[in-house]
Structure formats: structure tokens, C-alpha cells
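**Student:** Got a structure for you, written out below as C-alpha cells; questions coming shortly.
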Amino acid sequence: MPKKPFSIPSFKGMSNVEQTTQDLSEPHVILDAITKETGVIHAREGYAKIQSLTNAHSLWSNGKFFLFVSAGTLYVSFDGVSKYSLGSVYGPVEPLSYAQVGNSIYISNKYWTSVYDIKTNTIRSWGITPPPAPILSSSSNGSLVPGIYSVCLTIEDSAKRMSGSSGISQIELTAVGGISISNFPVGGIAWITDAYGSTFYFATKLSTIVEAPGLVKLPSLFCAPAPNLSNLCLHGGRVWGSVGELLYYSQPFGYEWFNLFSSYFVFNTDILMVARTSYGLFIGFEDQVIFMTGTDPAKMKPTKVGDGVVRGSLCYADRIPDLGDNVPVWMTRSGFVAADRPVRAYGEGRTLALAQTKIKFDVGSQAASLFRLVDGGPQILTSFQGGSTVGLGDQVTVEVIRMGRVFTDEWEREQTDSIALQELVTAELNP
């Protein structure tokens, strides 16, 4: 079909909030076009298929390589063209979450967890299963004074990663001596309290404890490997993630140690989003968004700051006007919002509407988003499960979708020109 140019005196962005439009400066629909920061409309470029994937999902990148799933296998790609298998992702198809700490990328969904090691280009377990509680007996070899001692074990692997603690066993020494452990594991470390004490200190890497404990405290007491988490993020030196209505957090700088009995928050409904900022966390649910100030879980209190979120729509964007870089942006039922800084230090966070006054949305319950720079201009791309019906409640947009035509003069639609969807349209902007 031939090109069919028409003139646009100026361009103010798409708007389908107003029911009528007298010119094309704020079109209800933009077809096969993209806009730049300068306000110029350009024809949208086509795309070439690079890889053929099966049931692909969970694309993630840190700017140096890509991780994604295809046909139940986790892949890494360093150039976007070739891919290398890392291992199977078990369980039903479910989006993965990623959180990078140094050379480790923590990966999880509600059915599976793993860690991608950048140095070795392999995946490994997220955390080490604690050993069984120690089986104790007294020994005449040692200098422990009489009293009741508590003992537990951890395991250290070849990479010097340590597990959480085993169950606790107690023994009473009635004379000066030591303590033998009959089920001491390979790579085991024994931890012991003072006589009648409650704090665990390093004792030995051998199966017999012969001396009073040292000064090194057990950092992983009562900890276990990470549960199957969704909505991962790194905040305040901890990994955070959700399981249903529970929000778990790791030990400080102990990213593979989770106290599943005490280190969590409980909410009334399932968590759909966890967004990090330097000043707190935004937690999203179907009906609301709450903000929790600071980084210390003991001091964090939830405060409602916004409407419900669309699951999977979170991304982190740069060059947001008045907000800066690395800003969480997500979708609500009414449009895009961004996290905004508190009015004062350690005050309540806020949400800022980005497009609600211009565009009406009719979105699904799940989405996927990414941020990118195109020719130096920032863009947020969002795809909705089953497709998007953005603005379908708007009469003009409905007419385009159903009738396949855009009228260039809405006031004289019965007798003037129109542009069909199959035609290539060029917008000519007057200087």
C-alpha cells in the first residue's frame, strides 16, 4: 500500500482520556510508531528473530549477559545470539526472580531455587542443609569444667560456605573432661556454650571438644537455606523475597541464611511485588501498595501509599524526571506509577503517577516489563499476559480495534479521510 502522509502541527503525546480530540497533537491511538524525547514520531522499526525458544520466560540481564528459561532449562547468553545450558528448572512454569550480590546471582520462584556463579559459569544450591543434631557423650580427655553444656553443628563446604545450625543437644559433665560427638559430619564445625550458658561459640572442627569455647559467635543459629521465594530483591545487606503473604529476609550479609521461624513479616494477602529503594521497600498487593521505611526489619512499619499492582510489571528505570535513576516503576490498574522519595529523611515513601492523566488502561492480572535506552532516550516496555487492551474502554480506541480505521478528522468522520490499519502511515511534523 502507498504511504499516506498527514500533517501534525505539534505532538503532545498519546491521550485517550478525553472523549473527543480536535486535532492529531494528542492522538487516541499510535500505530506502528515510537516517540522520542524531542516529541518527534518515528516509524517503528521491525525486529529479526535471533533465537527460537520454547515456552520462554524470565529474561533478566545485568548489562553484561542474559539469563532466561526455555523448555524448562535455564540458559545464559553473553551475546544475545548463542546460549549455554546451566541446568533444569524444576516444577510448573512460573516466572523467576533474580537478585545479584557480587559474583552470585540468586534465582528463585515458588517451586525452585538456585544460585548462578558468574566466576564458574555454573549453578549451585542456595544454602546448605544443616546436619542432624549432635549425639553427645562425655570424655575424660579435656579441660571443660563441670556443668551443663549445649552443643550444635554446622557444615562448611569446599568453597567455605557454612550451613545453618543443627538442632541443639545438651550434656552434663560431672567432672573435668571433654565432649565426644559420635555423628560428627564431614566438613563439620562444633559450636558450644559456656557451662549453663546460652550463646554459642566456635569450639572445634574435630569430633571431640576438649577446651572451653573461644570468642567467635555462631552467625547462623537457627538458620536454614532459602525457601522457594518470589519477588527477590537486595535491600539493606539482605535478600528479601515472598512466599504467599509472608515476606522473608535473610541474615544481614548472610544471603544464604534464613531464620524461617522469626525473620519475616506477615500480611493479609499474597505479595505481588517487592521494590527496593535506598530509603525503604515498596510492597505491592492486588488492592494496595505499602511502604516500609529504612533497612532494619525491627524498625520497619507498613504504611499504605498507593493502589494495587499488576504482578510482574516492576522494572527499574533511569532518567525519570525529578526522580533520577534506578527508580522502581510498576503498573497499577490505572497506569504506570513510580516510587518517590519521602518528603523528609526516613519519612514515608510516596508513589507518583506517570501517565494516568493521559492514558486509560485496561490490563490483565500479570505482565512483564523492561527498561531500555534507545538512541539515548528512556523507554519502558510492558507486555501483558494474553495481550493488552489499553484504552479499550475509550470509544475511539474501540472503533480502531473493531473497525480497523483511524479518522484524521474526528469531527467530520462521516465524509473525510481515514487511515486503515494495513496502510503505512507517515506523520509529518511542521516545524
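All residue names refer to the C-alpha cells as shown: chains lettered A, B, ... in order, residues numbered from 1 in each chain, ligands numbered from 1 in order.
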Excluding range 100-109 of chain A and residues on its chain fewer than 3 positions from it, collect all residues at most 8 Å away from it, counting only C-alpha atoms, and give them as a PyMOL selection string.

**Tutor:** chain A and resi 94-97+112-119+126+228-230+232+234

**Student:** Identify, on the basis of only C-alpha atoms, every residue whose closest approach to Asp307 in chain A does not exceed 8 Å; exclude the query and any residue fewer than 5 positions from it along the same chain; express the result as a ChimeraX atom specification.

**Tutor:** /A:287-289,332

**Student:** I want to know what sits within 7 Å of Asn259 in chain A, based on only C-alpha atoms, with residues of the same chain fewer than 6 positions away left out; could you give that as an mmCIF file with N, CA and C atoms, in the first residue's frame?

**Tutor:**
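Saved as part.cif:
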```cif
data_model
loop_
_atom_site.group_PDB
_atom_site.id
_atom_site.type_symbol
_atom_site.label_atom_id
_atom_site.label_comp_id
_atom_site.auth_asym_id
_atom_site.auth_seq_id
_atom_site.Cartn_x
_atom_site.Cartn_y
_atom_site.Cartn_z
ATOM 1 N N PHE A 222 19.935 -21.250 64.122
ATOM 2 C CA PHE A 222 18.538 -21.478 63.736
ATOM 3 C C PHE A 222 18.258 -21.160 62.262
ATOM 4 N N CYS A 223 19.301 -21.029 61.444
ATOM 5 C CA CYS A 223 19.098 -20.677 60.040
ATOM 6 C C CYS A 223 19.037 -21.914 59.154
ATOM 7 N N ALA A 224 18.366 -21.740 58.007
ATOM 8 C CA ALA A 224 18.197 -22.796 57.018
ATOM 9 C C ALA A 224 18.404 -22.194 55.635
#
```

**Student:** Taking only C-alpha atoms into account, name the residue in A:Gly214, A:Pro378, A:Pro225, A:Gly294 that is nearest to Arg161 in chain A.

**Tutor:**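 Smallest separation from Arg161 in chain A among the options: A:Pro225.
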
**Student:** List the spatial neighbours of Ser169 in chain A as a ChimeraX atom specification - criterion: any atom at most 9 Å away, only C-alpha atoms, same-chain residues fewer than 3 positions off excluded.

**Tutor:** /A:133-136,149-152

**Student:** Could the residues in this selection be written to a file with N, CA and C atoms, as a CSV table (one decimal), in the first residue's frame?

**Tutor:**
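New file part27.csv:
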```csv
chain,number,residue,atom,x,y,z
A,133,ALA,N,21.2,-33.0,64.6
A,133,ALA,CA,21.7,-32.7,66.0
A,133,ALA,C,22.8,-33.6,66.4
A,134,PRO,N,23.8,-33.1,67.2
A,134,PRO,CA,24.9,-34.0,67.6
A,134,PRO,C,24.4,-35.0,68.6
A,135,ILE,N,25.1,-36.2,68.6
A,135,ILE,CA,24.9,-37.2,69.6
A,135,ILE,C,26.1,-37.1,70.5
A,136,LEU,N,25.9,-36.8,71.8
A,136,LEU,CA,27.0,-36.5,72.7
A,136,LEU,C,27.2,-37.5,73.7
A,149,TYR,N,26.3,-28.2,79.2
A,149,TYR,CA,26.7,-27.5,78.0
A,149,TYR,C,25.7,-27.8,76.9
A,150,SER,N,25.5,-26.8,76.1
A,150,SER,CA,24.7,-27.0,74.9
A,150,SER,C,25.6,-27.0,73.6
A,151,VAL,N,25.3,-27.9,72.7
A,151,VAL,CA,26.2,-28.1,71.5
A,151,VAL,C,25.3,-28.2,70.3
A,152,CYS,N,25.8,-27.6,69.2
A,152,CYS,CA,25.2,-27.7,67.9
A,152,CYS,C,26.3,-27.8,66.8
```

**Student:** For Phe253 in chain A, list every protein, DNA or RNA residue within 10 Å, evaluated using only C-alpha atoms, and leave out those in the same chain fewer than 4 positions away; present the list as number ranges by chain.

**Tutor:** A: 101, 236-239, 257

**Student:** Keeping only C-alpha atoms, write the selected residues to a file as a PDB file, in the first residue's frame.

**Tutor:**
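Resulting contents of selection-v4.pdb:
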```
ATOM      1  CA  VAL A 101      25.246  -9.953  45.081  1.00  0.00           C
ATOM      2  CA  GLY A 236      19.986  -3.226  53.379  1.00  0.00           C
ATOM      3  CA  GLY A 237      22.517  -6.055  53.101  1.00  0.00           C
ATOM      4  CA  ARG A 238      19.790  -8.719  52.988  1.00  0.00           C
ATOM      5  CA  VAL A 239      17.990 -10.731  50.340  1.00  0.00           C
ATOM      6  CA  TRP A 257      20.939 -17.938  55.930  1.00  0.00           C
TER       7      TRP A 257
END
```

**Student:** Can you list, as a short mmCIF file (atom, residue, chain, number, x, y, z; two decimals) with N, CA and C atoms, in the first residue's frame, all residues belonging to range 123-359 of chain A that DSSP tags as strand (DSSP E or B)?

**Tutor:**
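What ended up in out-v4.cif:
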```cif
data_model
loop_
_atom_site.label_atom_id
_atom_site.label_comp_id
_atom_site.auth_asym_id
_atom_site.auth_seq_id
_atom_site.Cartn_x
_atom_site.Cartn_y
_atom_site.Cartn_z
N ILE A 123 25.54 -23.28 38.07
CA ILE A 123 24.57 -23.03 39.12
C ILE A 123 24.81 -24.01 40.26
N ARG A 124 24.45 -23.60 41.45
CA ARG A 124 24.62 -24.41 42.66
C ARG A 124 23.44 -24.20 43.57
N LEU A 136 25.90 -36.80 71.76
CA LEU A 136 26.98 -36.45 72.66
C LEU A 136 27.24 -37.53 73.71
N SER A 137 28.50 -37.58 74.14
CA SER A 137 28.89 -38.41 75.29
C SER A 137 30.07 -37.73 75.97
N SER A 138 30.24 -37.98 77.26
CA SER A 138 31.33 -37.36 78.00
C SER A 138 32.64 -38.10 77.75
N SER A 139 33.74 -37.37 77.92
CA SER A 139 35.07 -37.94 77.71
C SER A 139 35.98 -37.45 78.82
N SER A 140 36.93 -38.31 79.19
CA SER A 140 37.88 -37.90 80.21
C SER A 140 38.97 -37.01 79.64
N ASN A 141 39.03 -36.92 78.31
CA ASN A 141 40.05 -36.11 77.65
C ASN A 141 39.53 -34.70 77.44
N GLY A 142 40.06 -33.73 78.21
CA GLY A 142 39.61 -32.36 78.06
C GLY A 142 39.73 -31.57 79.34
N SER A 143 39.50 -30.24 79.19
CA SER A 143 39.64 -29.35 80.33
C SER A 143 38.35 -28.58 80.61
N LEU A 144 37.20 -29.04 80.11
CA LEU A 144 35.93 -28.38 80.39
C LEU A 144 35.56 -28.59 81.85
N GLY A 147 29.47 -28.94 84.50
CA GLY A 147 28.32 -28.10 84.22
C GLY A 147 27.52 -28.64 83.05
N ILE A 148 26.43 -27.94 82.70
CA ILE A 148 25.57 -28.34 81.58
C ILE A 148 25.96 -27.51 80.36
N TYR A 149 26.28 -28.18 79.24
CA TYR A 149 26.70 -27.54 78.01
C TYR A 149 25.68 -27.82 76.89
N SER A 150 25.49 -26.85 76.06
CA SER A 150 24.67 -27.02 74.86
C SER A 150 25.60 -27.03 73.65
N VAL A 151 25.32 -27.93 72.69
CA VAL A 151 26.19 -28.12 71.53
C VAL A 151 25.33 -28.20 70.26
N CYS A 152 25.80 -27.58 69.18
CA CYS A 152 25.17 -27.75 67.87
C CYS A 152 26.25 -27.81 66.81
N LEU A 153 25.87 -28.16 65.58
CA LEU A 153 26.82 -28.36 64.50
C LEU A 153 26.43 -27.51 63.28
N THR A 154 27.42 -27.18 62.47
CA THR A 154 27.21 -26.64 61.14
C THR A 154 28.12 -27.42 60.18
N ILE A 155 27.92 -27.21 58.88
CA ILE A 155 28.76 -27.82 57.85
C ILE A 155 29.38 -26.73 57.00
N GLU A 156 30.64 -26.89 56.66
CA GLU A 156 31.34 -25.98 55.77
C GLU A 156 31.76 -26.74 54.52
N MET A 162 29.09 -21.85 54.82
CA MET A 162 28.67 -22.56 56.03
C MET A 162 27.16 -22.68 56.08
N SER A 169 21.79 -30.08 71.21
CA SER A 169 21.84 -31.17 72.18
C SER A 169 22.54 -30.68 73.45
N GLN A 170 22.18 -31.26 74.59
CA GLN A 170 22.78 -30.87 75.87
C GLN A 170 23.42 -32.07 76.55
N ILE A 171 24.43 -31.79 77.32
CA ILE A 171 25.10 -32.82 78.10
C ILE A 171 25.59 -32.21 79.41
N GLU A 172 25.58 -32.98 80.48
CA GLU A 172 26.09 -32.52 81.78
C GLU A 172 27.39 -33.25 82.08
N LEU A 173 28.43 -32.47 82.34
CA LEU A 173 29.70 -33.03 82.78
C LEU A 173 29.76 -32.94 84.31
N GLY A 177 36.62 -32.62 81.93
CA GLY A 177 36.80 -33.55 80.82
C GLY A 177 36.42 -32.90 79.50
N GLY A 178 35.96 -33.71 78.56
CA GLY A 178 35.59 -33.23 77.24
C GLY A 178 34.27 -33.81 76.79
N ILE A 179 33.89 -33.51 75.54
CA ILE A 179 32.62 -33.98 74.95
C ILE A 179 32.92 -34.61 73.60
N SER A 180 32.47 -35.85 73.38
CA SER A 180 32.64 -36.55 72.11
C SER A 180 31.34 -36.49 71.32
N ILE A 181 31.48 -36.37 69.99
CA ILE A 181 30.32 -36.31 69.08
C ILE A 181 30.41 -37.52 68.15
N GLY A 188 32.27 -30.80 59.22
CA GLY A 188 31.54 -30.31 60.37
C GLY A 188 32.31 -29.29 61.21
N ILE A 189 31.54 -28.43 61.88
CA ILE A 189 32.08 -27.48 62.85
C ILE A 189 31.21 -27.59 64.10
N ALA A 190 31.83 -27.74 65.26
CA ALA A 190 31.09 -27.83 66.52
C ALA A 190 31.07 -26.47 67.20
N TRP A 191 29.91 -26.12 67.76
CA TRP A 191 29.70 -24.88 68.48
C TRP A 191 29.15 -25.22 69.85
N ILE A 192 29.63 -24.50 70.89
CA ILE A 192 29.29 -24.86 72.26
C ILE A 192 29.07 -23.61 73.10
N TYR A 201 29.52 -20.48 70.77
CA TYR A 201 30.81 -20.04 70.30
C TYR A 201 31.51 -21.19 69.56
N PHE A 202 32.47 -20.81 68.70
CA PHE A 202 33.24 -21.84 67.99
C PHE A 202 33.98 -22.73 68.98
N ALA A 203 33.90 -24.05 68.71
CA ALA A 203 34.59 -25.00 69.58
C ALA A 203 35.70 -25.72 68.84
N THR A 204 35.36 -26.43 67.73
CA THR A 204 36.36 -27.23 67.04
C THR A 204 35.81 -27.71 65.71
N THR A 208 35.77 -34.20 68.88
CA THR A 208 35.85 -34.13 70.34
C THR A 208 36.15 -32.70 70.77
N ILE A 209 35.35 -32.21 71.71
CA ILE A 209 35.55 -30.86 72.26
C ILE A 209 36.32 -31.01 73.55
N LYS A 217 31.30 -16.01 67.73
CA LYS A 217 29.91 -16.43 67.91
C LYS A 217 29.39 -17.09 66.64
N ALA A 224 18.37 -21.74 58.01
CA ALA A 224 18.20 -22.80 57.02
C ALA A 224 18.40 -22.19 55.63
N SER A 230 9.53 -15.73 45.84
CA SER A 230 9.19 -14.90 44.69
C SER A 230 9.56 -13.45 45.02
N ASN A 231 9.62 -12.61 43.98
CA ASN A 231 9.83 -11.16 44.17
C ASN A 231 11.13 -10.85 44.92
N LEU A 232 12.22 -11.44 44.47
CA LEU A 232 13.51 -11.22 45.12
C LEU A 232 14.00 -9.79 44.95
N CYS A 233 14.70 -9.30 45.98
CA CYS A 233 15.45 -8.05 45.84
C CYS A 233 16.51 -8.01 46.93
N LEU A 234 17.52 -7.16 46.71
CA LEU A 234 18.58 -6.94 47.69
C LEU A 234 18.36 -5.59 48.32
N HIS A 235 18.27 -5.55 49.65
CA HIS A 235 17.99 -4.30 50.35
C HIS A 235 18.61 -4.34 51.74
N ARG A 238 20.56 -7.49 52.86
CA ARG A 238 19.79 -8.72 52.99
C ARG A 238 19.10 -9.03 51.66
N VAL A 239 18.87 -10.32 51.43
CA VAL A 239 17.99 -10.73 50.34
C VAL A 239 16.57 -10.84 50.88
N TRP A 240 15.63 -10.22 50.17
CA TRP A 240 14.22 -10.27 50.55
C TRP A 240 13.44 -11.03 49.49
N GLY A 241 12.37 -11.69 49.90
CA GLY A 241 11.51 -12.38 48.95
C GLY A 241 10.25 -12.85 49.65
N SER A 242 9.25 -13.21 48.85
CA SER A 242 7.94 -13.53 49.41
C SER A 242 7.54 -14.98 49.16
N VAL A 243 6.74 -15.48 50.07
CA VAL A 243 6.05 -16.77 49.92
C VAL A 243 4.60 -16.52 50.31
N LEU A 246 3.75 -14.02 53.16
CA LEU A 246 4.91 -13.85 54.03
C LEU A 246 6.05 -13.17 53.27
N LEU A 247 6.70 -12.20 53.92
CA LEU A 247 7.86 -11.52 53.36
C LEU A 247 9.08 -11.90 54.21
N TYR A 248 9.95 -12.74 53.64
CA TYR A 248 11.14 -13.21 54.35
C TYR A 248 12.34 -12.30 54.06
N TYR A 249 13.30 -12.30 54.98
CA TYR A 249 14.56 -11.61 54.76
C TYR A 249 15.69 -12.43 55.37
N GLN A 251 19.67 -13.17 56.91
CA GLN A 251 20.52 -12.55 57.93
C GLN A 251 21.31 -11.41 57.28
N GLY A 254 24.30 -12.26 55.29
CA GLY A 254 24.29 -13.72 55.26
C GLY A 254 23.20 -14.14 54.29
N PHE A 258 18.56 -18.07 56.34
CA PHE A 258 17.22 -17.57 56.62
C PHE A 258 16.70 -18.22 57.89
N TYR A 264 10.60 -12.70 59.25
CA TYR A 264 9.61 -12.46 58.20
C TYR A 264 8.54 -11.50 58.71
N PHE A 265 7.82 -10.90 57.75
CA PHE A 265 6.61 -10.12 58.02
C PHE A 265 5.42 -10.90 57.47
N VAL A 266 4.28 -10.73 58.11
CA VAL A 266 3.05 -11.40 57.67
C VAL A 266 2.03 -10.34 57.26
N MET A 273 4.60 -7.86 44.64
CA MET A 273 5.76 -7.06 44.25
C MET A 273 6.56 -6.66 45.47
N VAL A 274 7.88 -6.68 45.36
CA VAL A 274 8.78 -6.12 46.36
C VAL A 274 9.78 -5.24 45.61
N ALA A 275 9.70 -3.93 45.81
CA ALA A 275 10.54 -2.98 45.08
C ALA A 275 11.49 -2.29 46.06
N ARG A 276 12.77 -2.33 45.76
CA ARG A 276 13.78 -1.76 46.66
C ARG A 276 14.08 -0.31 46.30
N THR A 277 14.39 0.48 47.29
CA THR A 277 14.97 1.81 47.11
C THR A 277 16.01 1.99 48.20
N GLY A 280 13.89 2.52 51.56
CA GLY A 280 12.87 1.61 52.05
C GLY A 280 12.35 0.69 50.97
N LEU A 281 11.32 -0.09 51.30
CA LEU A 281 10.73 -1.07 50.38
C LEU A 281 9.29 -0.69 50.07
N PHE A 282 8.90 -0.84 48.80
CA PHE A 282 7.51 -0.75 48.39
C PHE A 282 7.00 -2.17 48.17
N ILE A 283 5.95 -2.54 48.89
CA ILE A 283 5.39 -3.89 48.82
C ILE A 283 4.03 -3.80 48.15
N GLY A 284 3.84 -4.55 47.05
CA GLY A 284 2.61 -4.45 46.28
C GLY A 284 1.70 -5.65 46.46
N VAL A 289 -0.55 -0.72 47.72
CA VAL A 289 0.90 -0.74 47.87
C VAL A 289 1.23 -0.13 49.22
N ILE A 290 2.12 -0.77 49.95
CA ILE A 290 2.57 -0.22 51.23
C ILE A 290 4.04 0.11 51.13
N PHE A 291 4.49 1.00 52.02
CA PHE A 291 5.90 1.38 52.08
C PHE A 291 6.42 1.09 53.48
N MET A 292 7.65 0.55 53.56
CA MET A 292 8.30 0.29 54.84
C MET A 292 9.64 1.01 54.84
N THR A 293 9.79 1.95 55.76
CA THR A 293 10.93 2.85 55.81
C THR A 293 12.18 2.16 56.34
N PRO A 302 4.68 -0.83 58.14
CA PRO A 302 3.98 -0.64 56.86
C PRO A 302 3.02 0.55 56.88
N THR A 303 3.03 1.31 55.77
CA THR A 303 2.10 2.41 55.58
C THR A 303 1.57 2.36 54.15
N LYS A 304 0.26 2.45 53.98
CA LYS A 304 -0.32 2.41 52.64
C LYS A 304 0.03 3.69 51.88
N VAL A 305 0.49 3.51 50.61
CA VAL A 305 0.89 4.67 49.82
C VAL A 305 0.33 4.65 48.39
N GLY A 306 -0.37 3.58 48.00
CA GLY A 306 -0.85 3.53 46.62
C GLY A 306 -1.83 2.41 46.37
N VAL A 309 -1.12 -3.45 42.46
CA VAL A 309 -0.16 -3.58 41.37
C VAL A 309 -0.57 -4.70 40.43
N ARG A 311 0.93 -7.86 38.77
CA ARG A 311 2.05 -8.77 39.04
C ARG A 311 3.01 -8.83 37.85
N CYS A 315 9.85 -2.76 37.02
CA CYS A 315 11.18 -2.62 36.45
C CYS A 315 11.84 -1.42 37.10
N TYR A 316 13.14 -1.26 36.88
CA TYR A 316 13.89 -0.15 37.45
C TYR A 316 14.37 0.75 36.31
N ALA A 317 13.96 1.99 36.35
CA ALA A 317 14.17 2.90 35.22
C ALA A 317 15.12 4.03 35.59
N ILE A 320 14.21 9.28 35.01
CA ILE A 320 12.83 9.67 35.31
C ILE A 320 12.86 11.12 35.78
N GLY A 324 15.27 10.75 39.03
CA GLY A 324 16.63 10.26 38.83
C GLY A 324 16.70 8.87 38.24
N VAL A 327 14.98 3.93 39.51
CA VAL A 327 13.69 4.20 40.16
C VAL A 327 12.72 3.05 39.88
N PRO A 328 12.12 2.44 40.90
CA PRO A 328 11.12 1.41 40.65
C PRO A 328 9.89 1.99 39.96
N VAL A 329 9.47 1.35 38.87
CA VAL A 329 8.27 1.73 38.13
C VAL A 329 7.43 0.47 37.95
N TRP A 330 6.12 0.58 38.17
CA TRP A 330 5.25 -0.58 38.01
C TRP A 330 3.89 -0.14 37.49
N MET A 331 3.07 -1.12 37.15
CA MET A 331 1.73 -0.85 36.63
C MET A 331 0.69 -1.05 37.72
N THR A 332 -0.27 -0.15 37.76
CA THR A 332 -1.49 -0.34 38.53
C THR A 332 -2.62 -0.54 37.53
N GLY A 335 -2.61 2.66 35.42
CA GLY A 335 -1.46 3.15 34.68
C GLY A 335 -0.15 2.98 35.41
N PHE A 336 0.90 3.57 34.87
CA PHE A 336 2.24 3.47 35.44
C PHE A 336 2.40 4.41 36.62
N VAL A 337 3.10 3.92 37.64
CA VAL A 337 3.49 4.77 38.76
C VAL A 337 4.96 4.51 39.07
N ALA A 338 5.58 5.47 39.73
CA ALA A 338 6.99 5.36 40.13
C ALA A 338 7.10 5.59 41.62
N ALA A 339 8.13 4.98 42.22
CA ALA A 339 8.43 5.23 43.62
C ALA A 339 9.02 6.62 43.77
N ASP A 340 8.57 7.35 44.78
CA ASP A 340 9.04 8.71 45.02
C ASP A 340 9.64 8.78 46.42
N ARG A 350 6.44 7.65 48.79
CA ARG A 350 5.26 8.05 48.04
C ARG A 350 5.27 7.39 46.67
N THR A 351 4.15 7.42 45.98
CA THR A 351 4.08 6.96 44.61
C THR A 351 3.68 8.13 43.73
N LEU A 352 4.23 8.16 42.53
CA LEU A 352 3.99 9.25 41.60
C LEU A 352 3.38 8.70 40.32
N ALA A 353 2.19 9.17 39.95
CA ALA A 353 1.54 8.75 38.71
C ALA A 353 2.30 9.30 37.52
#
```

**Student:** At a cut-off of 10 Å, using only C-alpha atoms, what residues contact Gln366 in chain A? Leave out same-chain residues fewer than 5 positions from it and give the result as a PyMOL selection string.

**Tutor:** chain A and resi 272+309-313+331+383-386

**Student:** Restricting it to N, CA and C atoms, dump the selection as an mmCIF file, in the first residue's frame.

**Tutor:**
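Now in result_28.cif:
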```
data_model
loop_
_atom_site.group_PDB
_atom_site.id
_atom_site.type_symbol
_atom_site.label_atom_id
_atom_site.label_comp_id
_atom_site.auth_asym_id
_atom_site.auth_seq_id
_atom_site.Cartn_x
_atom_site.Cartn_y
_atom_site.Cartn_z
ATOM 1 N N LEU A 272 2.583 -9.406 45.672
ATOM 2 C CA LEU A 272 2.776 -9.442 44.226
ATOM 3 C C LEU A 272 4.021 -8.694 43.770
ATOM 4 N N VAL A 309 -1.115 -3.445 42.460
ATOM 5 C CA VAL A 309 -0.161 -3.576 41.373
ATOM 6 C C VAL A 309 -0.566 -4.701 40.429
ATOM 7 N N VAL A 310 -0.007 -4.648 39.227
ATOM 8 C CA VAL A 310 -0.115 -5.745 38.275
ATOM 9 C C VAL A 310 1.131 -6.613 38.438
ATOM 10 N N ARG A 311 0.932 -7.863 38.765
ATOM 11 C CA ARG A 311 2.050 -8.768 39.041
ATOM 12 C C ARG A 311 3.013 -8.834 37.849
ATOM 13 N N GLY A 312 4.320 -8.749 38.142
ATOM 14 C CA GLY A 312 5.343 -8.881 37.126
ATOM 15 C C GLY A 312 5.674 -7.616 36.374
ATOM 16 N N SER A 313 4.987 -6.509 36.679
ATOM 17 C CA SER A 313 5.171 -5.278 35.897
ATOM 18 C C SER A 313 6.319 -4.412 36.405
ATOM 19 N N MET A 331 3.072 -1.121 37.146
ATOM 20 C CA MET A 331 1.732 -0.853 36.632
ATOM 21 C C MET A 331 0.688 -1.051 37.722
ATOM 22 N N SER A 383 4.521 -5.845 28.550
ATOM 23 C CA SER A 383 3.685 -6.787 27.810
ATOM 24 C C SER A 383 2.756 -7.476 28.802
ATOM 25 N N PHE A 384 1.503 -7.637 28.401
ATOM 26 C CA PHE A 384 0.515 -8.225 29.296
ATOM 27 C C PHE A 384 0.157 -9.640 28.846
ATOM 28 N N GLN A 385 -0.051 -10.493 29.817
ATOM 29 C CA GLN A 385 -0.418 -11.867 29.513
ATOM 30 C C GLN A 385 -1.736 -11.898 28.744
ATOM 31 N N GLY A 386 -1.710 -12.515 27.574
ATOM 32 C CA GLY A 386 -2.919 -12.563 26.760
ATOM 33 C C GLY A 386 -3.124 -11.322 25.927
#
```

**Student:** A:Ala367, A:Val29, A:Met14, A:Ile128: which is nearest Leu314 in chain A, counting only C-alpha atoms?

**Tutor:** A:Ala367

**Student:** Quick one: pull the distance between CA of Ser85 in chain A and CA of Thr73 in chain A, Å, one decimal.

**Tutor:**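 CA of Thr73 in chain A lies at a distance of 6.8 Å from CA of Ser85 in chain A.
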
**Student:** Between CA of Asn326 in chain A and CA of Asn121 in chain A, measure the distance and give it in Å to one decimal.

**Tutor:** 26.8 Å

**Student:** Please indicate the distance in Å from CA of Asp322 in chain A to CA of Ala368 in chain A, rounded to one decimal place.

**Tutor:**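 That distance, rounded to one decimal, is 24.9 Å.
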
**Student:** Could you tell me which of A:His28, A:Ser263, A:Glu286, A:Val363 comes closest to Ala298 in chain A if we count only C-alpha atoms?

**Tutor:** A:Ser263

**Student:** Choose the residue, out of A:Phe200, A:Ile30, A:Ala212, A:Pro131, that has the smallest atom-to-atom separation from Gly187 in chain A; count only C-alpha atoms.

**Tutor:** A:Pro131
